[in-house]
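The file target.pdb comes next; it holds PDB, C-alpha atoms.
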ATOM      1  CA  MET A  17     -61.410  -7.057   0.392
ATOM      2  CA  LYS A  18     -62.921  -3.833   1.728
ATOM      3  CA  ASN A  19     -64.972  -3.952   4.907
ATOM      4  CA  ARG A  20     -66.851  -1.764   7.390
ATOM      5  CA  LEU A  21     -65.327  -3.267  10.492
ATOM      6  CA  ARG A  22     -63.633  -0.073  11.661
ATOM      7  CA  VAL A  23     -66.884   1.903  11.296
ATOM      8  CA  LEU A  24     -68.963  -0.737  13.086
ATOM      9  CA  ARG A  25     -66.392  -0.945  15.877
ATOM     10  CA  ALA A  26     -66.312   2.845  16.217
ATOM     11  CA  GLU A  27     -70.129   2.978  16.444
ATOM     12  CA  ARG A  28     -69.934   0.748  19.503
ATOM     13  CA  GLU A  29     -66.930   2.642  20.884
ATOM     14  CA  TRP A  30     -64.912  -0.552  21.061
ATOM     15  CA  SER A  31     -61.136  -0.652  20.895
ATOM     16  CA  GLN A  32     -59.380  -3.160  18.625
ATOM     17  CA  LEU A  33     -58.419  -5.070  21.785
ATOM     18  CA  GLU A  34     -62.077  -5.196  22.869
ATOM     19  CA  LEU A  35     -63.258  -6.453  19.480
ATOM     20  CA  GLY A  36     -60.408  -8.957  19.292
ATOM     21  CA  GLY A  37     -61.345 -10.339  22.696
ATOM     22  CA  ARG A  38     -64.994 -10.711  21.669
ATOM     23  CA  LEU A  39     -63.985 -12.504  18.451
ATOM     24  CA  GLY A  40     -61.247 -14.643  19.981
ATOM     25  CA  VAL A  41     -58.466 -13.104  17.883
ATOM     26  CA  SER A  42     -55.586 -10.750  18.671
ATOM     27  CA  ARG A  43     -55.677  -6.950  18.416
ATOM     28  CA  GLN A  44     -53.179  -7.271  15.555
ATOM     29  CA  ALA A  45     -55.585  -9.579  13.695
ATOM     30  CA  VAL A  46     -58.396  -7.021  14.013
ATOM     31  CA  ASN A  47     -56.062  -4.341  12.670
ATOM     32  CA  ALA A  48     -55.001  -6.590   9.748
ATOM     33  CA  ILE A  49     -58.664  -7.171   8.815
ATOM     34  CA  GLU A  50     -59.618  -3.494   9.170
ATOM     35  CA  THR A  51     -56.747  -2.344   6.964
ATOM     36  CA  GLY A  52     -57.499  -5.026   4.361
ATOM     37  CA  LYS A  53     -54.181  -6.826   4.868
ATOM     38  CA  HIS A  54     -55.970 -10.012   5.864
ATOM     39  CA  ASP A  55     -59.215 -11.469   4.553
ATOM     40  CA  PRO A  56     -60.896 -13.346   7.392
ATOM     41  CA  SER A  57     -61.748 -17.023   7.060
ATOM     42  CA  LEU A  58     -65.409 -17.940   6.594
ATOM     43  CA  PRO A  59     -65.840 -19.015  10.262
ATOM     44  CA  LEU A  60     -64.352 -15.710  11.478
ATOM     45  CA  ALA A  61     -66.461 -13.710   9.004
ATOM     46  CA  PHE A  62     -69.560 -15.454  10.404
ATOM     47  CA  ARG A  63     -68.455 -14.694  13.985
ATOM     48  CA  ILE A  64     -68.053 -11.016  13.023
ATOM     49  CA  ALA A  65     -71.492 -10.995  11.366
ATOM     50  CA  ARG A  66     -73.098 -12.608  14.422
ATOM     51  CA  LEU A  67     -71.398 -10.172  16.782
ATOM     52  CA  PHE A  68     -72.654  -7.136  14.856
ATOM     53  CA  GLN A  69     -75.981  -8.843  14.029
ATOM     54  CA  LEU A  70     -75.600  -8.054  10.341
ATOM     55  CA  PRO A  71     -75.431 -10.169   7.169
ATOM     56  CA  ILE A  72     -71.846 -10.817   6.018
ATOM     57  CA  GLU A  73     -72.336  -8.859   2.784
ATOM     58  CA  GLU A  74     -73.207  -5.731   4.796
ATOM     59  CA  ILE A  75     -69.815  -5.897   6.497
ATOM     60  CA  PHE A  76     -67.571  -7.183   3.712
ATOM     61  CA  ASP A  77     -67.613  -5.756   0.223
ATOM     62  CA  ASP A  78     -67.101  -8.348  -2.487
ATOM     63  CA  ALA A  79     -65.250  -6.297  -5.102
ATOM     64  CA  CYS A  80     -65.485  -9.152  -7.631
ATOM     65  CA  LYS A  81     -69.279  -9.553  -7.507
ATOM     66  CA  ASP A  82     -69.787  -7.833 -10.892
ATOM     67  CA  ALA A  83     -66.953  -9.679 -12.598
TER      68      ALA A  83
ATOM     69  CA  MET B  11     -60.493   7.949  33.857
ATOM     70  CA  MET B  12     -63.870   6.376  34.641
ATOM     71  CA  ARG B  13     -64.377   5.611  30.962
ATOM     72  CA  ALA B  14     -60.904   4.099  30.692
ATOM     73  CA  LYS B  15     -61.668   1.911  33.706
ATOM     74  CA  MET B  16     -64.976   0.814  32.119
ATOM     75  CA  LEU B  17     -63.187  -0.167  28.904
ATOM     76  CA  GLU B  18     -60.487  -1.926  30.860
ATOM     77  CA  ASP B  19     -63.020  -4.105  32.630
ATOM     78  CA  SER B  20     -65.184  -4.830  29.585
ATOM     79  CA  GLU B  21     -65.935  -8.351  28.425
ATOM     80  CA  GLY B  22     -63.807  -8.165  25.271
ATOM     81  CA  VAL B  23     -60.745  -6.718  26.994
ATOM     82  CA  ARG B  24     -60.923  -9.379  29.720
ATOM     83  CA  ALA B  25     -61.169 -12.100  27.047
ATOM     84  CA  ALA B  26     -58.260 -10.556  25.105
ATOM     85  CA  ARG B  27     -56.106 -10.473  28.241
ATOM     86  CA  ALA B  28     -56.978 -14.121  28.985
ATOM     87  CA  GLN B  29     -55.996 -15.067  25.392
ATOM     88  CA  LYS B  30     -52.684 -13.257  25.774
ATOM     89  CA  ARG B  31     -52.038 -14.956  29.125
ATOM     90  CA  ARG B  32     -52.666 -18.397  27.537
ATOM     91  CA  TYR B  33     -50.303 -17.514  24.689
ATOM     92  CA  TRP B  34     -47.462 -16.484  27.006
ATOM     93  CA  TRP B  35     -47.985 -19.492  29.298
ATOM     94  CA  THR B  36     -47.715 -21.742  26.240
ATOM     95  CA  ALA B  37     -44.565 -19.933  25.099
ATOM     96  CA  ALA B  38     -43.050 -20.190  28.603
ATOM     97  CA  LEU B  39     -43.868 -23.907  28.927
ATOM     98  CA  SER B  40     -42.426 -24.585  25.461
ATOM     99  CA  MET B  41     -39.215 -22.823  26.462
ATOM    100  CA  LEU B  42     -39.139 -24.822  29.695
ATOM    101  CA  GLY B  43     -39.544 -28.020  27.643
ATOM    102  CA  ALA B  44     -36.684 -26.993  25.360
ATOM    103  CA  VAL B  45     -34.465 -26.325  28.397
ATOM    104  CA  GLY B  46     -35.506 -29.736  29.823
ATOM    105  CA  VAL B  47     -34.486 -31.525  26.615
ATOM    106  CA  GLY B  48     -31.217 -29.594  26.646
ATOM    107  CA  ALA B  49     -30.619 -30.754  30.235
ATOM    108  CA  ILE B  50     -31.278 -34.408  29.263
ATOM    109  CA  LEU B  51     -28.807 -34.087  26.384
ATOM    110  CA  THR B  52     -26.158 -32.559  28.639
ATOM    111  CA  MET B  53     -26.639 -35.151  31.397
ATOM    112  CA  GLY B  54     -26.262 -38.028  28.942
ATOM    113  CA  THR B  55     -22.982 -36.844  27.443
ATOM    114  CA  ILE B  56     -20.179 -39.204  28.517
ATOM    115  CA  SER B  57     -17.402 -37.231  26.857
ATOM    116  CA  PRO B  58     -17.440 -34.463  24.230
ATOM    117  CA  GLY B  59     -19.388 -35.735  21.228
ATOM    118  CA  ARG B  60     -20.254 -39.103  22.893
ATOM    119  CA  MET B  61     -23.608 -40.213  24.353
ATOM    120  CA  SER B  62     -24.887 -43.558  25.656
ATOM    121  CA  PRO B  63     -27.598 -45.246  23.496
ATOM    122  CA  GLY B  64     -30.140 -45.037  26.333
ATOM    123  CA  TRP B  65     -29.697 -41.294  26.746
ATOM    124  CA  ALA B  66     -29.748 -40.792  22.993
ATOM    125  CA  ILE B  67     -33.134 -42.580  22.688
ATOM    126  CA  ALA B  68     -34.494 -40.725  25.758
ATOM    127  CA  SER B  69     -33.399 -37.388  24.250
ATOM    128  CA  VAL B  70     -35.064 -38.092  20.909
ATOM    129  CA  VAL B  71     -38.325 -39.205  22.598
ATOM    130  CA  ALA B  72     -38.311 -36.167  24.932
ATOM    131  CA  MET B  73     -37.619 -33.822  22.025
ATOM    132  CA  ALA B  74     -40.451 -35.319  19.947
ATOM    133  CA  VAL B  75     -42.912 -35.040  22.857
ATOM    134  CA  VAL B  76     -41.954 -31.423  23.578
ATOM    135  CA  VAL B  77     -42.188 -30.396  19.898
ATOM    136  CA  VAL B  78     -45.568 -32.117  19.337
ATOM    137  CA  LEU B  79     -47.058 -30.644  22.544
ATOM    138  CA  ALA B  80     -45.639 -27.170  21.858
ATOM    139  CA  VAL B  81     -47.030 -27.129  18.290
ATOM    140  CA  HIS B  82     -50.416 -28.471  19.443
ATOM    141  CA  PHE B  83     -50.878 -25.914  22.216
ATOM    142  CA  THR B  84     -49.445 -23.055  20.152
ATOM    143  CA  ASN B  85     -52.010 -23.780  17.426
ATOM    144  CA  ARG B  86     -54.773 -23.651  20.042
ATOM    145  CA  VAL B  87     -53.830 -20.232  21.374
ATOM    146  CA  THR B  88     -52.979 -18.437  18.125
ATOM    147  CA  ASP B  89     -55.449 -16.873  15.695
ATOM    148  CA  GLU B  90     -55.687 -17.260  11.914
ATOM    149  CA  VAL B  91     -53.492 -14.251  11.106
ATOM    150  CA  GLU B  92     -50.720 -15.710  13.262
ATOM    151  CA  HIS B  93     -51.243 -19.135  11.633
ATOM    152  CA  GLN B  94     -50.880 -17.547   8.219
ATOM    153  CA  HIS B  95     -47.655 -15.801   9.219
ATOM    154  CA  MET B  96     -46.209 -19.014  10.642
ATOM    155  CA  LEU B  97     -47.238 -20.931   7.519
ATOM    156  CA  LYS B  98     -45.642 -18.350   5.193
ATOM    157  CA  ALA B  99     -42.437 -18.227   7.269
ATOM    158  CA  ASN B 100     -42.186 -22.031   7.486
ATOM    159  CA  SER B 101     -42.816 -22.409   3.742
ATOM    160  CA  PHE B 102     -40.089 -19.845   3.092
ATOM    161  CA  GLY B 103     -37.753 -21.834   5.368
ATOM    162  CA  LEU B 104     -38.556 -25.059   3.519
ATOM    163  CA  TYR B 105     -37.874 -23.514   0.082
ATOM    164  CA  PHE B 106     -34.689 -21.946   1.432
ATOM    165  CA  TYR B 107     -33.517 -25.339   2.696
ATOM    166  CA  PHE B 108     -34.297 -27.241  -0.513
ATOM    167  CA  LEU B 109     -32.781 -24.614  -2.772
ATOM    168  CA  GLY B 110     -29.719 -24.094  -0.558
ATOM    169  CA  GLN B 111     -29.047 -27.780   0.045
ATOM    170  CA  PHE B 112     -29.379 -28.857  -3.601
ATOM    171  CA  SER B 113     -27.471 -25.862  -4.976
ATOM    172  CA  TRP B 114     -24.624 -26.528  -2.533
ATOM    173  CA  MET B 115     -24.647 -30.244  -3.373
ATOM    174  CA  ILE B 116     -24.511 -29.635  -7.145
ATOM    175  CA  LEU B 117     -21.745 -27.032  -6.812
ATOM    176  CA  SER B 118     -19.736 -29.364  -4.547
ATOM    177  CA  THR B 119     -20.151 -32.227  -7.060
ATOM    178  CA  ALA B 120     -18.404 -30.010  -9.595
ATOM    179  CA  GLY B 121     -15.664 -29.294  -7.065
ATOM    180  CA  LEU B 122     -16.502 -25.606  -6.853
ATOM    181  CA  VAL B 123     -17.266 -25.576  -3.096
ATOM    182  CA  PRO B 124     -16.612 -27.920  -0.128
ATOM    183  CA  PRO B 125     -19.258 -30.632   0.588
ATOM    184  CA  PRO B 126     -22.520 -29.394   2.218
ATOM    185  CA  ASP B 127     -22.410 -28.791   5.975
ATOM    186  CA  ALA B 128     -25.644 -30.121   7.546
ATOM    187  CA  TRP B 129     -25.384 -27.947  10.673
ATOM    188  CA  LEU B 130     -24.687 -24.788   8.710
ATOM    189  CA  MET B 131     -27.744 -25.457   6.516
ATOM    190  CA  TYR B 132     -29.861 -26.165   9.620
ATOM    191  CA  VAL B 133     -28.841 -22.929  11.328
ATOM    192  CA  ALA B 134     -29.158 -20.875   8.109
ATOM    193  CA  THR B 135     -32.651 -22.286   7.514
ATOM    194  CA  GLY B 136     -33.649 -21.346  11.068
ATOM    195  CA  ILE B 137     -32.333 -17.809  10.603
ATOM    196  CA  ALA B 138     -34.076 -17.458   7.201
ATOM    197  CA  THR B 139     -37.393 -18.673   8.692
ATOM    198  CA  LEU B 140     -37.137 -16.284  11.642
ATOM    199  CA  ALA B 141     -36.179 -13.395   9.346
ATOM    200  CA  ARG B 142     -39.231 -14.023   7.119
ATOM    201  CA  TYR B 143     -41.470 -14.240  10.191
ATOM    202  CA  GLY B 144     -40.027 -10.952  11.496
ATOM    203  CA  MET B 145     -40.627  -9.269   8.138
ATOM    204  CA  LEU B 146     -44.269 -10.384   8.189
ATOM    205  CA  LYS B 147     -44.662  -9.007  11.715
ATOM    206  CA  ILE B 148     -43.125  -5.652  10.751
ATOM    207  CA  ALA B 149     -45.253  -5.427   7.588
ATOM    208  CA  ARG B 150     -48.434  -5.985   9.630
TER     209      ARG B 150
END

Show the structure stored in the file as structure tokens.
Amino acid sequence: MKNRLRVLRAEREWSQLELGGRLGVSRQAVNAIETGKHDPSLPLAFRIARLFQLPIEEIFDDACKDA
Amino acid sequence: MMRAKMLEDSEGVRAARAQKRRYWWTAALSMLGAVGVGAILTMGTISPGRMSPGWAIASVVAMAVVVVLAVHFTNRVTDEVEHQHMLKANSFGLYFYFLGQFSWMILSTAGLVPPPDAWLMYVATGIATLARYGMLKIAR
């Protein structure tokens, strides 16, 4: 699943460590989500959305929505 | 330098460092528990390969307590990516064990190989699980 996490993080000038700390996950987990190697669980996706004060669908791109 | 210091002291970095500290404390305490169980086992050995029933029961209880506590606290301090890696590695270990054990058993029934060695399977399963976990870490 594609996402805008890296862009949103860069806008706030946060490191992966900083974002991981705010979300309660490791720096490696942030990297795995940003590179699309891991799709976050629904609770984590909601935590990300709350942190950036955006709806989930503005952060994560559902590639299957037209299928 | 000033900016680096600001980032270093930020809320997220402090939280991340606290998470990492909890993780390593849990790992250290688990190791300490494993060493403790090992000490109980060694103390209870009367002669090579022999152990009194009391020590044997105490060892099993201590081992169960250490494993349950270590798993419980590890789950509390690890995130979902780590959980997924552990789950994949453990599943791989389980499949490896089932496949290895039954293949060996069937081949030994036909007289092609010696009977299965429980310790060898145990150690091989551990190595296979760790190898899969390592591969997942490298691939990340």

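Residues from chain B that have an atom within 8 Å of chain A, counting only C-alpha atoms, are Leu17, Ser20, Glu21, Gly22, Val23, Arg24, Ala25, Ala26, Arg27, Gln29, Thr88, Asp89, Glu90, Val91, Glu92 and Arg150 of chain B.
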
I'd like the residues picked by the PyMOL selection byres ((chain A and resi 77) around 6) written out as a list in words, using the chain letters and numbers from the file.
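For this structure, the PyMOL selection byres ((chain A and resi 77) around 6) resolves to Lys18, Asn19, Phe76, Asp78 and Ala79 of chain A.
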
Export of prior selection with C-alpha atoms as a compact mmCIF listing (two decimals), keeping the file's coordinate frame:
# COMPACT_ATOMS: atom_id res chain seq x y z
CA LYS A 18 -62.92 -3.83 1.73
CA ASN A 19 -64.97 -3.95 4.91
CA PHE A 76 -67.57 -7.18 3.71
CA ASP A 78 -67.10 -8.35 -2.49
CA ALA A 79 -65.25 -6.30 -5.10

Atomic distance CA of Ala128 in chain B - CA of Met145 in chain B, expressed in Å with one decimal
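Atom-to-atom, CA of Ala128 in chain B to CA of Met145 in chain B, that is 25.7 Å.
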
Take the PyMOL selection byres ((chain B and resi 43) around 9), apply it to the structure above, and return the hits as number ranges by chain.
B: 38-42, 44-48, 72-73, 76-77, 80

What's the separation between CA of Leu67 in chain A and CA of Lys98 in chain B, in Å to one decimal place?
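CA of Leu67 in chain A sits 29.4 Å away from CA of Lys98 in chain B.
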
Computed interatomic separation between CA of Val71 in chain B and CA of Gly110 in chain B (Å):
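According to the coordinates, CA of Val71 in chain B and CA of Gly110 in chain B are separated by 29.0 Å.
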
Choose the residue, out of B:Ala99, B:Gly54, B:Tyr132, B:Arg32, that has the smallest atom-to-atom separation from Ile67 in chain B; count only C-alpha atoms.
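So, comparing all the options, the nearest one is B:Gly54.
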
Reconstruct range 110-145 of chain B at the level of N, CA and C atoms, and format the result as a PDB file, in the coordinates of the input.
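Saved the output as out18.pdb:
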ATOM      1  N   GLY B 110     -31.090 -24.202  -1.069  1.00  0.00           N
ATOM      2  CA  GLY B 110     -29.719 -24.094  -0.558  1.00  0.00           C
ATOM      3  C   GLY B 110     -28.994 -25.426  -0.581  1.00  0.00           C
ATOM      4  N   GLN B 111     -29.660 -26.451  -0.055  1.00  0.00           N
ATOM      5  CA  GLN B 111     -29.047 -27.780   0.045  1.00  0.00           C
ATOM      6  C   GLN B 111     -28.686 -28.329  -1.343  1.00  0.00           C
ATOM      7  N   PHE B 112     -29.626 -28.284  -2.267  1.00  0.00           N
ATOM      8  CA  PHE B 112     -29.379 -28.857  -3.601  1.00  0.00           C
ATOM      9  C   PHE B 112     -28.373 -28.030  -4.397  1.00  0.00           C
ATOM     10  N   SER B 113     -28.441 -26.708  -4.265  1.00  0.00           N
ATOM     11  CA  SER B 113     -27.471 -25.862  -4.976  1.00  0.00           C
ATOM     12  C   SER B 113     -26.063 -26.178  -4.477  1.00  0.00           C
ATOM     13  N   TRP B 114     -25.923 -26.257  -3.151  1.00  0.00           N
ATOM     14  CA  TRP B 114     -24.624 -26.528  -2.533  1.00  0.00           C
ATOM     15  C   TRP B 114     -24.102 -27.903  -2.978  1.00  0.00           C
ATOM     16  N   MET B 115     -25.015 -28.872  -2.993  1.00  0.00           N
ATOM     17  CA  MET B 115     -24.647 -30.244  -3.373  1.00  0.00           C
ATOM     18  C   MET B 115     -24.153 -30.289  -4.825  1.00  0.00           C
ATOM     19  N   ILE B 116     -24.880 -29.627  -5.716  1.00  0.00           N
ATOM     20  CA  ILE B 116     -24.511 -29.635  -7.145  1.00  0.00           C
ATOM     21  C   ILE B 116     -23.170 -28.934  -7.345  1.00  0.00           C
ATOM     22  N   LEU B 117     -23.007 -27.779  -6.674  1.00  0.00           N
ATOM     23  CA  LEU B 117     -21.745 -27.032  -6.812  1.00  0.00           C
ATOM     24  C   LEU B 117     -20.567 -27.823  -6.252  1.00  0.00           C
ATOM     25  N   SER B 118     -20.830 -28.571  -5.136  1.00  0.00           N
ATOM     26  CA  SER B 118     -19.736 -29.364  -4.547  1.00  0.00           C
ATOM     27  C   SER B 118     -19.400 -30.569  -5.426  1.00  0.00           C
ATOM     28  N   THR B 119     -20.393 -31.108  -6.140  1.00  0.00           N
ATOM     29  CA  THR B 119     -20.151 -32.227  -7.060  1.00  0.00           C
ATOM     30  C   THR B 119     -19.178 -31.797  -8.163  1.00  0.00           C
ATOM     31  N   ALA B 120     -19.291 -30.539  -8.546  1.00  0.00           N
ATOM     32  CA  ALA B 120     -18.404 -30.010  -9.595  1.00  0.00           C
ATOM     33  C   ALA B 120     -17.069 -29.549  -9.020  1.00  0.00           C
ATOM     34  N   GLY B 121     -16.929 -29.680  -7.703  1.00  0.00           N
ATOM     35  CA  GLY B 121     -15.664 -29.294  -7.065  1.00  0.00           C
ATOM     36  C   GLY B 121     -15.494 -27.805  -6.878  1.00  0.00           C
ATOM     37  N   LEU B 122     -16.593 -27.071  -6.988  1.00  0.00           N
ATOM     38  CA  LEU B 122     -16.502 -25.606  -6.853  1.00  0.00           C
ATOM     39  C   LEU B 122     -16.504 -25.150  -5.396  1.00  0.00           C
ATOM     40  N   VAL B 123     -17.166 -25.923  -4.526  1.00  0.00           N
ATOM     41  CA  VAL B 123     -17.266 -25.576  -3.096  1.00  0.00           C
ATOM     42  C   VAL B 123     -17.049 -26.846  -2.272  1.00  0.00           C
ATOM     43  N   PRO B 124     -16.748 -26.711  -0.958  1.00  0.00           N
ATOM     44  CA  PRO B 124     -16.612 -27.920  -0.128  1.00  0.00           C
ATOM     45  C   PRO B 124     -17.958 -28.643  -0.010  1.00  0.00           C
ATOM     46  N   PRO B 125     -17.980 -29.908   0.445  1.00  0.00           N
ATOM     47  CA  PRO B 125     -19.258 -30.632   0.588  1.00  0.00           C
ATOM     48  C   PRO B 125     -20.211 -29.907   1.540  1.00  0.00           C
ATOM     49  N   PRO B 126     -21.535 -30.094   1.367  1.00  0.00           N
ATOM     50  CA  PRO B 126     -22.520 -29.394   2.218  1.00  0.00           C
ATOM     51  C   PRO B 126     -22.315 -29.695   3.702  1.00  0.00           C
ATOM     52  N   ASP B 127     -22.517 -28.653   4.524  1.00  0.00           N
ATOM     53  CA  ASP B 127     -22.410 -28.791   5.975  1.00  0.00           C
ATOM     54  C   ASP B 127     -23.838 -28.803   6.533  1.00  0.00           C
ATOM     55  N   ALA B 128     -24.252 -29.953   7.076  1.00  0.00           N
ATOM     56  CA  ALA B 128     -25.644 -30.121   7.546  1.00  0.00           C
ATOM     57  C   ALA B 128     -26.010 -29.111   8.628  1.00  0.00           C
ATOM     58  N   TRP B 129     -25.083 -28.872   9.575  1.00  0.00           N
ATOM     59  CA  TRP B 129     -25.384 -27.947  10.673  1.00  0.00           C
ATOM     60  C   TRP B 129     -25.515 -26.509  10.181  1.00  0.00           C
ATOM     61  N   LEU B 130     -24.645 -26.149   9.256  1.00  0.00           N
ATOM     62  CA  LEU B 130     -24.687 -24.788   8.710  1.00  0.00           C
ATOM     63  C   LEU B 130     -26.022 -24.559   7.992  1.00  0.00           C
ATOM     64  N   MET B 131     -26.464 -25.572   7.230  1.00  0.00           N
ATOM     65  CA  MET B 131     -27.744 -25.457   6.516  1.00  0.00           C
ATOM     66  C   MET B 131     -28.899 -25.358   7.506  1.00  0.00           C
ATOM     67  N   TYR B 132     -28.817 -26.152   8.583  1.00  0.00           N
ATOM     68  CA  TYR B 132     -29.861 -26.165   9.620  1.00  0.00           C
ATOM     69  C   TYR B 132     -29.992 -24.785  10.273  1.00  0.00           C
ATOM     70  N   VAL B 133     -28.844 -24.245  10.664  1.00  0.00           N
ATOM     71  CA  VAL B 133     -28.841 -22.929  11.328  1.00  0.00           C
ATOM     72  C   VAL B 133     -29.292 -21.835  10.349  1.00  0.00           C
ATOM     73  N   ALA B 134     -28.791 -21.888   9.113  1.00  0.00           N
ATOM     74  CA  ALA B 134     -29.158 -20.875   8.109  1.00  0.00           C
ATOM     75  C   ALA B 134     -30.655 -20.930   7.810  1.00  0.00           C
ATOM     76  N   THR B 135     -31.208 -22.143   7.758  1.00  0.00           N
ATOM     77  CA  THR B 135     -32.651 -22.286   7.514  1.00  0.00           C
ATOM     78  C   THR B 135     -33.451 -21.674   8.671  1.00  0.00           C
ATOM     79  N   GLY B 136     -32.986 -21.930   9.890  1.00  0.00           N
ATOM     80  CA  GLY B 136     -33.649 -21.346  11.068  1.00  0.00           C
ATOM     81  C   GLY B 136     -33.627 -19.830  11.018  1.00  0.00           C
ATOM     82  N   ILE B 137     -32.476 -19.276  10.672  1.00  0.00           N
ATOM     83  CA  ILE B 137     -32.333 -17.809  10.603  1.00  0.00           C
ATOM     84  C   ILE B 137     -33.233 -17.247   9.493  1.00  0.00           C
ATOM     85  N   ALA B 138     -33.249 -17.922   8.331  1.00  0.00           N
ATOM     86  CA  ALA B 138     -34.076 -17.458   7.201  1.00  0.00           C
ATOM     87  C   ALA B 138     -35.565 -17.480   7.579  1.00  0.00           C
ATOM     88  N   THR B 139     -35.988 -18.547   8.271  1.00  0.00           N
ATOM     89  CA  THR B 139     -37.393 -18.673   8.692  1.00  0.00           C
ATOM     90  C   THR B 139     -37.763 -17.557   9.666  1.00  0.00           C
ATOM     91  N   LEU B 140     -36.880 -17.340  10.651  1.00  0.00           N
ATOM     92  CA  LEU B 140     -37.137 -16.284  11.642  1.00  0.00           C
ATOM     93  C   LEU B 140     -37.148 -14.904  10.994  1.00  0.00           C
ATOM     94  N   ALA B 141     -36.247 -14.695  10.032  1.00  0.00           N
ATOM     95  CA  ALA B 141     -36.179 -13.395   9.346  1.00  0.00           C
ATOM     96  C   ALA B 141     -37.470 -13.136   8.579  1.00  0.00           C
ATOM     97  N   ARG B 142     -37.973 -14.170   7.886  1.00  0.00           N
ATOM     98  CA  ARG B 142     -39.231 -14.023   7.119  1.00  0.00           C
ATOM     99  C   ARG B 142     -40.396 -13.736   8.071  1.00  0.00           C
ATOM    100  N   TYR B 143     -40.421 -14.448   9.195  1.00  0.00           N
ATOM    101  CA  TYR B 143     -41.470 -14.240  10.191  1.00  0.00           C
ATOM    102  C   TYR B 143     -41.419 -12.794  10.730  1.00  0.00           C
ATOM    103  N   GLY B 144     -40.208 -12.325  11.018  1.00  0.00           N
ATOM    104  CA  GLY B 144     -40.027 -10.952  11.496  1.00  0.00           C
ATOM    105  C   GLY B 144     -40.494  -9.931  10.478  1.00  0.00           C
ATOM    106  N   MET B 145     -40.197 -10.191   9.200  1.00  0.00           N
ATOM    107  CA  MET B 145     -40.627  -9.269   8.138  1.00  0.00           C
ATOM    108  C   MET B 145     -42.142  -9.200   8.070  1.00  0.00           C
TER     109      MET B 145
END
